[in-house]
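Report on the following structure.
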Amino acid sequence: MNVTKIIGKIPFFKECDQYNISLWQCPSFLFFILGLLNIGAMISTYIISTRLTEEPEITALITISVSLVIFIIGTVIVQGFDKLLQANKMKTEFIRIASHQLRTPLSSLRWANDLLMQGGGLSKPTHEQEEYLEIIRDSNQRMLKLINDLLDVTKIEMGNLPMELKPADIKSVAQEVVFDLNPLAKANNVVLNLKIKDGLSLVLSDQEKCKMVFTNLIDNAIKYNKGKGSVDIAAEKRGDFIRVSIQDEGVGIPKAQQKNIFQKFFRSDNIMKHQTVGTGLGLFIVKAIIDANKGRVWFESQEDEGTTFYFEIPIAK
Ligand code: ADP
């Protein structure tokens with residue numbers, strides 16, 4: 001256990017844990033450091049002022065004034081930090097509760113809509129009614145995806161995204177996702193090529209979360225295509241890791257915006273004219289999952305030529 005972790009366990013610094021921030025961003029820890037600095041400043045001011053003046057009252061007055069100024073400035077800054085963190089925590093909590101409450105009625109809507117589409121004991125819908133029901137189903141699915149993404153983001157921000165790391169087979173996870181996404185790929189004239197050989201070592205990962213990573217990356221590779229194309233999904237052993245690559249021939253990511261790509265809600269300019277549906281949360285979630293897996297994720301991209309996303313996760317020992 002390192003020093004910052006030990007300090008984080010002291011009750012006075014417990015809020016750092018609650019806010020899920022590092023010790024150096026934590027108001028109570030900064031306040032403590034400020035106290036130490038203040039003592040240091042008092043001693044040095046005292047030493048300097050005894051050299052400048054013979055009068056002990058003046059020395060004491062200078063020392064007290066300097067430390068008072070440092071103390072007031074520091075307290076104001078730390079209080080500001082504290083308020084910002086509290087507001088952020090409340091916002092995250094609000095999104096979490098709202099998302100939770102919205103998920104139940106949306107799931108009921110989906111269930112009722114599916115029932116109507118199948119007839120559900122009523123007369124079968126006409127062709128025109130079916131088209132409207134499909135619009136409702138698609139909108140409902142989009143809302144549910146947004147709500148689920150928001151819930152995952154709040155869990156990540158509160159530092160409690162549940163992870164159950166177990167040996168998992170990358171190939172079978174990828175196969176499942178390719179099977180699920182094939183209809184979407186076909187509808188977009190995209191061919192999915194799964195190029196993972198048998199016999200690859202198992203990785204240490206949460207199977208469901210790993211599936212989420214593949215789903216987000218392959219879904220993007222399909223969405224951001226140029227009307228047609230192919231997506232290659234490959235994996236190979238690299239030292240103690242399995243490296244996965246997902247390569248597309250799509251619109252690419254402009255060089256100037258590549259540094260922002262894993263930020264929450266970020267969507268690049270060039271895709272706005274091709275594909276307006278999206279939340280900008282998928283890659284933020286992917287990165288958080290891979291980080292929690294002690295792996296890394298990155299990409300190479302050329303605008304108008306295509307993008308390759310890579311991620312590495314450790315082999316199970
Ligand atoms: P969303 O797809 O919902 O917008 P993501 O977080 O998954 O959110 O992606 C963020 C942004 O990264 C996308 O809006 C797009 O600009 C860019 N991007 C991600 N994957 C690709 C890709 N394969 N090709 C081109 N751009 C991509």
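Just remember, in the structure tokens the first chain shown is A, the second B, etc., residues are 1-based per chain, and ligands are 1-based in the order shown.
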- So which residues are near ligand 1, meaning at most 8 Å away with only C-alpha atoms and all ligand atoms counted, given back as a PyMOL selection string? chain A and resi 216-225+247-248+250-253+261-272+277-285+301+306-309
- Please return as a PyMOL selection string: the residues of region 234-275 of chain A that backbone DSSP assigns to helix (DSSP H, G or I). chain A and resi 255-260+269-272
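Near region 239-244 of chain A, within a cut-off of 6 Å and counting only C-alpha atoms, sit the residues Ala234, Tyr310, Phe311, Glu312, Ile313, Pro314 and Ile315 of chain A, with same-chain residues fewer than 5 positions away left out.
Neighbouring residues of Asp232 (chain A) at 9 Å or closer, counting only C-alpha atoms and skipping chain neighbours under 2 positions away, are Val191, Leu192, Asn193, Leu194, Lys195, Ser230, Ala234, Ser245, Ile246, Gln247 and Asp248 of chain A.
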With C-alpha atoms kept, could you save the residues just selected as a PDB file, in the first residue's frame?
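Below you can see out29.pdb, which holds the result:
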```pdb
ATOM      1  CA  VAL A 191     -18.992  -6.582 -43.651  1.00  0.00           C
ATOM      2  CA  LEU A 192     -17.660  -7.715 -40.266  1.00  0.00           C
ATOM      3  CA  ASN A 193     -14.563  -9.949 -40.537  1.00  0.00           C
ATOM      4  CA  LEU A 194     -13.682 -11.802 -37.356  1.00  0.00           C
ATOM      5  CA  LYS A 195     -10.015 -12.716 -37.722  1.00  0.00           C
ATOM      6  CA  SER A 230     -15.494  -3.669 -44.008  1.00  0.00           C
ATOM      7  CA  ALA A 234      -8.237  -9.253 -34.863  1.00  0.00           C
ATOM      8  CA  SER A 245      -7.597  -4.323 -33.025  1.00  0.00           C
ATOM      9  CA  ILE A 246     -10.780  -3.124 -34.705  1.00  0.00           C
ATOM     10  CA  GLN A 247     -10.039  -1.607 -38.069  1.00  0.00           C
ATOM     11  CA  ASP A 248     -12.548   0.227 -40.257  1.00  0.00           C
TER      12      ASP A 248
END
```
Using DSSP on the backbone coordinates, identify all residues within region 97-239 of chain A classified as strand (DSSP E); present the result as a short mmCIF file (atom, residue, chain, number, x, y, z; two decimals) with all heavy atoms, in the first residue's frame.
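Here's the written file selection.cif:
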```
data_model
loop_
_atom_site.label_atom_id
_atom_site.label_comp_id
_atom_site.auth_asym_id
_atom_site.auth_seq_id
_atom_site.Cartn_x
_atom_site.Cartn_y
_atom_site.Cartn_z
N LYS A 166 -12.36 -12.18 -14.17
CA LYS A 166 -12.24 -13.65 -14.21
C LYS A 166 -11.60 -14.02 -15.54
O LYS A 166 -11.67 -13.22 -16.49
CB LYS A 166 -13.65 -14.26 -14.21
CG LYS A 166 -14.28 -14.38 -12.85
CD LYS A 166 -15.47 -15.32 -12.99
CE LYS A 166 -16.58 -14.95 -12.05
NZ LYS A 166 -17.87 -15.31 -12.57
N PRO A 167 -11.04 -15.23 -15.68
CA PRO A 167 -10.50 -15.60 -16.99
C PRO A 167 -11.61 -15.61 -18.05
O PRO A 167 -12.69 -16.16 -17.82
CB PRO A 167 -9.94 -17.01 -16.76
CG PRO A 167 -9.69 -17.07 -15.29
CD PRO A 167 -10.76 -16.23 -14.66
N ALA A 168 -11.36 -14.95 -19.17
CA ALA A 168 -12.38 -14.88 -20.23
C ALA A 168 -11.75 -15.13 -21.59
O ALA A 168 -10.57 -14.81 -21.79
CB ALA A 168 -13.04 -13.50 -20.20
N VAL A 190 -21.96 -2.91 -44.38
CA VAL A 190 -20.62 -3.14 -43.81
C VAL A 190 -20.46 -4.64 -43.54
O VAL A 190 -21.38 -5.29 -43.05
CB VAL A 190 -20.44 -2.34 -42.49
CG1 VAL A 190 -19.13 -2.72 -41.81
CG2 VAL A 190 -20.47 -0.84 -42.77
N VAL A 191 -19.27 -5.16 -43.91
CA VAL A 191 -18.99 -6.58 -43.65
C VAL A 191 -18.09 -6.69 -42.42
O VAL A 191 -17.07 -6.00 -42.34
CB VAL A 191 -18.27 -7.22 -44.87
CG1 VAL A 191 -17.98 -8.69 -44.61
CG2 VAL A 191 -19.09 -7.03 -46.13
N LEU A 192 -18.49 -7.53 -41.47
CA LEU A 192 -17.66 -7.72 -40.27
C LEU A 192 -16.79 -8.96 -40.45
O LEU A 192 -17.32 -10.05 -40.69
CB LEU A 192 -18.55 -7.89 -39.02
CG LEU A 192 -19.49 -6.74 -38.65
CD1 LEU A 192 -20.27 -7.08 -37.38
CD2 LEU A 192 -18.73 -5.43 -38.46
N ASN A 193 -15.46 -8.80 -40.40
CA ASN A 193 -14.56 -9.95 -40.54
C ASN A 193 -13.91 -10.27 -39.20
O ASN A 193 -13.09 -9.48 -38.71
CB ASN A 193 -13.43 -9.64 -41.52
CG ASN A 193 -13.97 -9.28 -42.89
OD1 ASN A 193 -14.87 -9.94 -43.40
ND2 ASN A 193 -13.44 -8.21 -43.48
N LEU A 194 -14.29 -11.40 -38.62
CA LEU A 194 -13.68 -11.80 -37.36
C LEU A 194 -12.44 -12.62 -37.66
O LEU A 194 -12.52 -13.71 -38.22
CB LEU A 194 -14.70 -12.63 -36.55
CG LEU A 194 -14.28 -12.98 -35.14
CD1 LEU A 194 -14.10 -11.74 -34.30
CD2 LEU A 194 -15.30 -13.87 -34.49
N VAL A 203 -7.95 -14.03 -21.07
CA VAL A 203 -7.58 -12.75 -20.45
C VAL A 203 -8.27 -12.62 -19.10
O VAL A 203 -9.27 -13.31 -18.85
CB VAL A 203 -7.99 -11.54 -21.33
CG1 VAL A 203 -7.18 -11.48 -22.59
CG2 VAL A 203 -9.48 -11.54 -21.62
N LEU A 204 -7.74 -11.71 -18.25
CA LEU A 204 -8.37 -11.47 -16.96
C LEU A 204 -9.29 -10.26 -17.13
O LEU A 204 -8.83 -9.13 -17.21
CB LEU A 204 -7.30 -11.19 -15.90
CG LEU A 204 -7.80 -11.20 -14.47
CD1 LEU A 204 -8.33 -12.58 -14.11
CD2 LEU A 204 -6.68 -10.83 -13.52
N SER A 205 -10.60 -10.55 -17.23
CA SER A 205 -11.51 -9.45 -17.52
C SER A 205 -12.91 -9.76 -17.01
O SER A 205 -13.26 -10.91 -16.77
CB SER A 205 -11.54 -9.24 -19.03
OG SER A 205 -12.43 -8.22 -19.35
N GLY A 229 -18.32 -0.72 -46.61
CA GLY A 229 -16.93 -0.99 -46.21
C GLY A 229 -16.83 -2.26 -45.40
O GLY A 229 -17.79 -3.02 -45.29
N SER A 230 -15.65 -2.48 -44.84
CA SER A 230 -15.49 -3.67 -44.01
C SER A 230 -14.81 -3.30 -42.69
O SER A 230 -14.13 -2.28 -42.60
CB SER A 230 -14.69 -4.74 -44.75
OG SER A 230 -13.39 -4.27 -44.96
N VAL A 231 -15.04 -4.14 -41.70
CA VAL A 231 -14.43 -3.94 -40.39
C VAL A 231 -13.70 -5.24 -40.03
O VAL A 231 -14.30 -6.31 -40.03
CB VAL A 231 -15.52 -3.63 -39.32
CG1 VAL A 231 -14.90 -3.55 -37.93
CG2 VAL A 231 -16.26 -2.34 -39.65
N ASP A 232 -12.40 -5.14 -39.75
CA ASP A 232 -11.62 -6.32 -39.37
C ASP A 232 -11.39 -6.35 -37.87
O ASP A 232 -10.90 -5.36 -37.30
CB ASP A 232 -10.25 -6.31 -40.06
CG ASP A 232 -10.39 -6.51 -41.56
OD1 ASP A 232 -11.50 -6.87 -42.01
OD2 ASP A 232 -9.40 -6.28 -42.28
N ILE A 233 -11.73 -7.47 -37.26
CA ILE A 233 -11.54 -7.61 -35.81
C ILE A 233 -10.48 -8.69 -35.60
O ILE A 233 -10.69 -9.84 -35.96
CB ILE A 233 -12.86 -8.01 -35.11
CG1 ILE A 233 -13.93 -6.95 -35.41
CG2 ILE A 233 -12.69 -8.17 -33.60
CD1 ILE A 233 -15.17 -7.49 -35.99
N ALA A 234 -9.33 -8.29 -35.04
CA ALA A 234 -8.24 -9.25 -34.86
C ALA A 234 -7.72 -9.20 -33.43
O ALA A 234 -8.01 -8.26 -32.69
CB ALA A 234 -7.11 -8.92 -35.83
N ALA A 235 -6.95 -10.24 -33.06
CA ALA A 235 -6.34 -10.25 -31.71
C ALA A 235 -5.07 -11.07 -31.76
O ALA A 235 -4.96 -12.04 -32.53
CB ALA A 235 -7.31 -10.85 -30.70
N GLU A 236 -4.08 -10.66 -30.98
CA GLU A 236 -2.82 -11.41 -30.92
C GLU A 236 -2.19 -11.26 -29.55
O GLU A 236 -2.53 -10.32 -28.81
CB GLU A 236 -1.85 -10.92 -32.00
CG GLU A 236 -1.56 -9.44 -31.85
CD GLU A 236 -0.54 -8.92 -32.84
OE1 GLU A 236 0.09 -9.72 -33.53
OE2 GLU A 236 -0.37 -7.70 -32.88
N LYS A 237 -1.27 -12.19 -29.23
CA LYS A 237 -0.60 -12.13 -27.93
C LYS A 237 0.57 -11.16 -28.04
O LYS A 237 1.33 -11.20 -29.01
CB LYS A 237 -0.10 -13.54 -27.58
CG LYS A 237 0.51 -13.66 -26.22
CD LYS A 237 0.71 -15.15 -25.89
CE LYS A 237 1.33 -15.32 -24.53
NZ LYS A 237 2.75 -15.03 -24.45
N ARG A 238 0.70 -10.27 -27.08
CA ARG A 238 1.83 -9.33 -27.02
C ARG A 238 2.37 -9.34 -25.61
O ARG A 238 1.78 -8.71 -24.72
CB ARG A 238 1.36 -7.91 -27.33
CG ARG A 238 1.04 -7.64 -28.77
CD ARG A 238 2.33 -7.32 -29.50
NE ARG A 238 2.08 -7.11 -30.90
CZ ARG A 238 2.60 -6.12 -31.60
NH1 ARG A 238 3.37 -5.24 -31.02
NH2 ARG A 238 2.37 -6.02 -32.89
#
```
- Fewer than 4 positions away in the same chain doesn't count, so skip those; otherwise give me all residues within 9 Å of Ile62 (chain A), counting only C-alpha atoms, as a PyMOL selection string. chain A and resi 45-46+49+57-58+66-67
For N, CA and C atoms, I'd like the residues from the last selection saved as an mmCIF file, in the first residue's frame.
```
data_model
loop_
_atom_site.group_PDB
_atom_site.id
_atom_site.type_symbol
_atom_site.label_atom_id
_atom_site.label_comp_id
_atom_site.auth_asym_id
_atom_site.auth_seq_id
_atom_site.Cartn_x
_atom_site.Cartn_y
_atom_site.Cartn_z
ATOM 1 N N THR A 45 9.309 34.063 8.218
ATOM 2 C CA THR A 45 9.064 35.503 8.377
ATOM 3 C C THR A 45 9.676 35.997 9.686
ATOM 4 N N TYR A 46 9.536 35.167 10.722
ATOM 5 C CA TYR A 46 10.099 35.548 12.028
ATOM 6 C C TYR A 46 11.619 35.717 11.909
ATOM 7 N N SER A 49 12.396 38.842 9.766
ATOM 8 C CA SER A 49 12.088 40.122 10.405
ATOM 9 C C SER A 49 12.975 40.410 11.629
ATOM 10 N N GLU A 57 8.004 43.601 19.057
ATOM 11 C CA GLU A 57 6.570 43.805 18.734
ATOM 12 C C GLU A 57 6.372 43.864 17.224
ATOM 13 N N ILE A 58 7.286 44.577 16.551
ATOM 14 C CA ILE A 58 7.165 44.713 15.085
ATOM 15 C C ILE A 58 7.372 43.349 14.427
ATOM 16 N N VAL A 66 1.586 38.244 7.981
ATOM 17 C CA VAL A 66 1.884 37.387 6.814
ATOM 18 C C VAL A 66 1.116 36.071 6.922
ATOM 19 N N SER A 67 1.151 35.463 8.106
ATOM 20 C CA SER A 67 0.474 34.158 8.213
ATOM 21 C C SER A 67 -1.041 34.298 8.122
#
```
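Comparing A:Met90, A:Met117, A:Ile289, A:Val178 by their smallest distance to Ile135 (chain A), the closest is A:Met117 (using only C-alpha atoms).
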- Message: List the spatial neighbours of Gln141 (chain A) as an NGL selection string - criterion: any atom at most 12 Å away, only C-alpha atoms, same-chain residues fewer than 3 positions off excluded.
- Response: :A and (103 or 106-111 or 113-114 or 134-138 or 144-148 or 277)
Next, the residues of the selection above should be written as a JSON list (two decimals), in the first residue's frame with N, CA, C and O atoms.
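The file below, part_27.json, is the result:
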```json
[["chain", "number", "residue", "atom", "x", "y", "z"],
["A", 103, "ARG", "N", -35.51, 4.46, -16.33],
["A", 103, "ARG", "CA", -35.30, 3.16, -16.96],
["A", 103, "ARG", "C", -36.55, 2.27, -16.85],
["A", 103, "ARG", "O", -36.90, 1.58, -17.81],
["A", 106, "LEU", "N", -39.36, 3.25, -19.32],
["A", 106, "LEU", "CA", -38.91, 3.00, -20.70],
["A", 106, "LEU", "C", -38.92, 1.50, -21.01],
["A", 106, "LEU", "O", -39.28, 1.09, -22.12],
["A", 107, "SER", "N", -38.56, 0.69, -20.01],
["A", 107, "SER", "CA", -38.58, -0.76, -20.22],
["A", 107, "SER", "C", -40.03, -1.23, -20.40],
["A", 107, "SER", "O", -40.31, -2.10, -21.24],
["A", 108, "SER", "N", -40.96, -0.64, -19.63],
["A", 108, "SER", "CA", -42.37, -1.02, -19.78],
["A", 108, "SER", "C", -42.87, -0.64, -21.16],
["A", 108, "SER", "O", -43.62, -1.39, -21.80],
["A", 109, "LEU", "N", -42.46, 0.54, -21.62],
["A", 109, "LEU", "CA", -42.87, 0.99, -22.96],
["A", 109, "LEU", "C", -42.40, 0.00, -24.03],
["A", 109, "LEU", "O", -43.13, -0.34, -24.95],
["A", 110, "ARG", "N", -41.15, -0.46, -23.87],
["A", 110, "ARG", "CA", -40.60, -1.40, -24.85],
["A", 110, "ARG", "C", -41.41, -2.70, -24.85],
["A", 110, "ARG", "O", -41.76, -3.23, -25.90],
["A", 111, "TRP", "N", -41.71, -3.14, -23.64],
["A", 111, "TRP", "CA", -42.46, -4.39, -23.51],
["A", 111, "TRP", "C", -43.84, -4.25, -24.18],
["A", 111, "TRP", "O", -44.25, -5.09, -24.97],
["A", 113, "ASN", "N", -44.76, -2.10, -26.45],
["A", 113, "ASN", "CA", -44.60, -1.90, -27.89],
["A", 113, "ASN", "C", -44.36, -3.23, -28.61],
["A", 113, "ASN", "O", -44.96, -3.50, -29.66],
["A", 114, "ASP", "N", -43.48, -4.07, -28.02],
["A", 114, "ASP", "CA", -43.21, -5.39, -28.62],
["A", 114, "ASP", "C", -44.49, -6.20, -28.71],
["A", 114, "ASP", "O", -44.75, -6.87, -29.71],
["A", 134, "GLU", "N", -42.53, 0.75, -35.18],
["A", 134, "GLU", "CA", -41.08, 0.60, -35.34],
["A", 134, "GLU", "C", -40.36, 1.88, -34.95],
["A", 134, "GLU", "O", -39.29, 1.85, -34.35],
["A", 135, "ILE", "N", -40.98, 3.02, -35.30],
["A", 135, "ILE", "CA", -40.37, 4.31, -34.93],
["A", 135, "ILE", "C", -40.32, 4.41, -33.40],
["A", 135, "ILE", "O", -39.30, 4.80, -32.81],
["A", 136, "ILE", "N", -41.44, 4.01, -32.75],
["A", 136, "ILE", "CA", -41.48, 4.06, -31.27],
["A", 136, "ILE", "C", -40.39, 3.14, -30.71],
["A", 136, "ILE", "O", -39.65, 3.51, -29.80],
["A", 137, "ARG", "N", -40.28, 1.92, -31.29],
["A", 137, "ARG", "CA", -39.29, 0.96, -30.77],
["A", 137, "ARG", "C", -37.86, 1.52, -30.90],
["A", 137, "ARG", "O", -37.07, 1.47, -29.96],
["A", 138, "ASP", "N", -37.55, 2.13, -32.08],
["A", 138, "ASP", "CA", -36.19, 2.65, -32.28],
["A", 138, "ASP", "C", -35.89, 3.80, -31.32],
["A", 138, "ASP", "O", -34.80, 3.87, -30.74],
["A", 144, "LEU", "N", -33.14, 4.17, -24.06],
["A", 144, "LEU", "CA", -32.62, 3.20, -23.08],
["A", 144, "LEU", "C", -31.09, 3.14, -23.12],
["A", 144, "LEU", "O", -30.44, 3.05, -22.09],
["A", 145, "LYS", "N", -30.53, 3.23, -24.35],
["A", 145, "LYS", "CA", -29.06, 3.19, -24.47],
["A", 145, "LYS", "C", -28.46, 4.41, -23.78],
["A", 145, "LYS", "O", -27.48, 4.31, -23.04],
["A", 146, "LEU", "N", -29.09, 5.58, -24.01],
["A", 146, "LEU", "CA", -28.58, 6.80, -23.37],
["A", 146, "LEU", "C", -28.64, 6.69, -21.85],
["A", 146, "LEU", "O", -27.68, 7.00, -21.14],
["A", 147, "ILE", "N", -29.79, 6.20, -21.36],
["A", 147, "ILE", "CA", -29.97, 6.07, -19.90],
["A", 147, "ILE", "C", -28.93, 5.10, -19.32],
["A", 147, "ILE", "O", -28.31, 5.37, -18.30],
["A", 148, "ASN", "N", -28.74, 3.97, -20.01],
["A", 148, "ASN", "CA", -27.77, 2.98, -19.51],
["A", 148, "ASN", "C", -26.35, 3.56, -19.53],
["A", 148, "ASN", "O", -25.57, 3.35, -18.60],
["A", 277, "VAL", "N", -26.83, 10.49, -34.72],
["A", 277, "VAL", "CA", -27.25, 9.79, -33.52],
["A", 277, "VAL", "C", -26.03, 9.34, -32.71],
["A", 277, "VAL", "O", -25.15, 8.68, -33.23]]
```
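The nearest approach to Leu202 (chain A) among the residues A:Lys317, A:Gln175, A:Thr126, A:Lys226, with only C-alpha atoms taken into account, belongs to A:Lys317.
Nearest to His274 (chain A) of all the residues A:Asp304, A:Glu157, A:Val76, A:Asn260 is A:Asp304, based on only C-alpha atoms.
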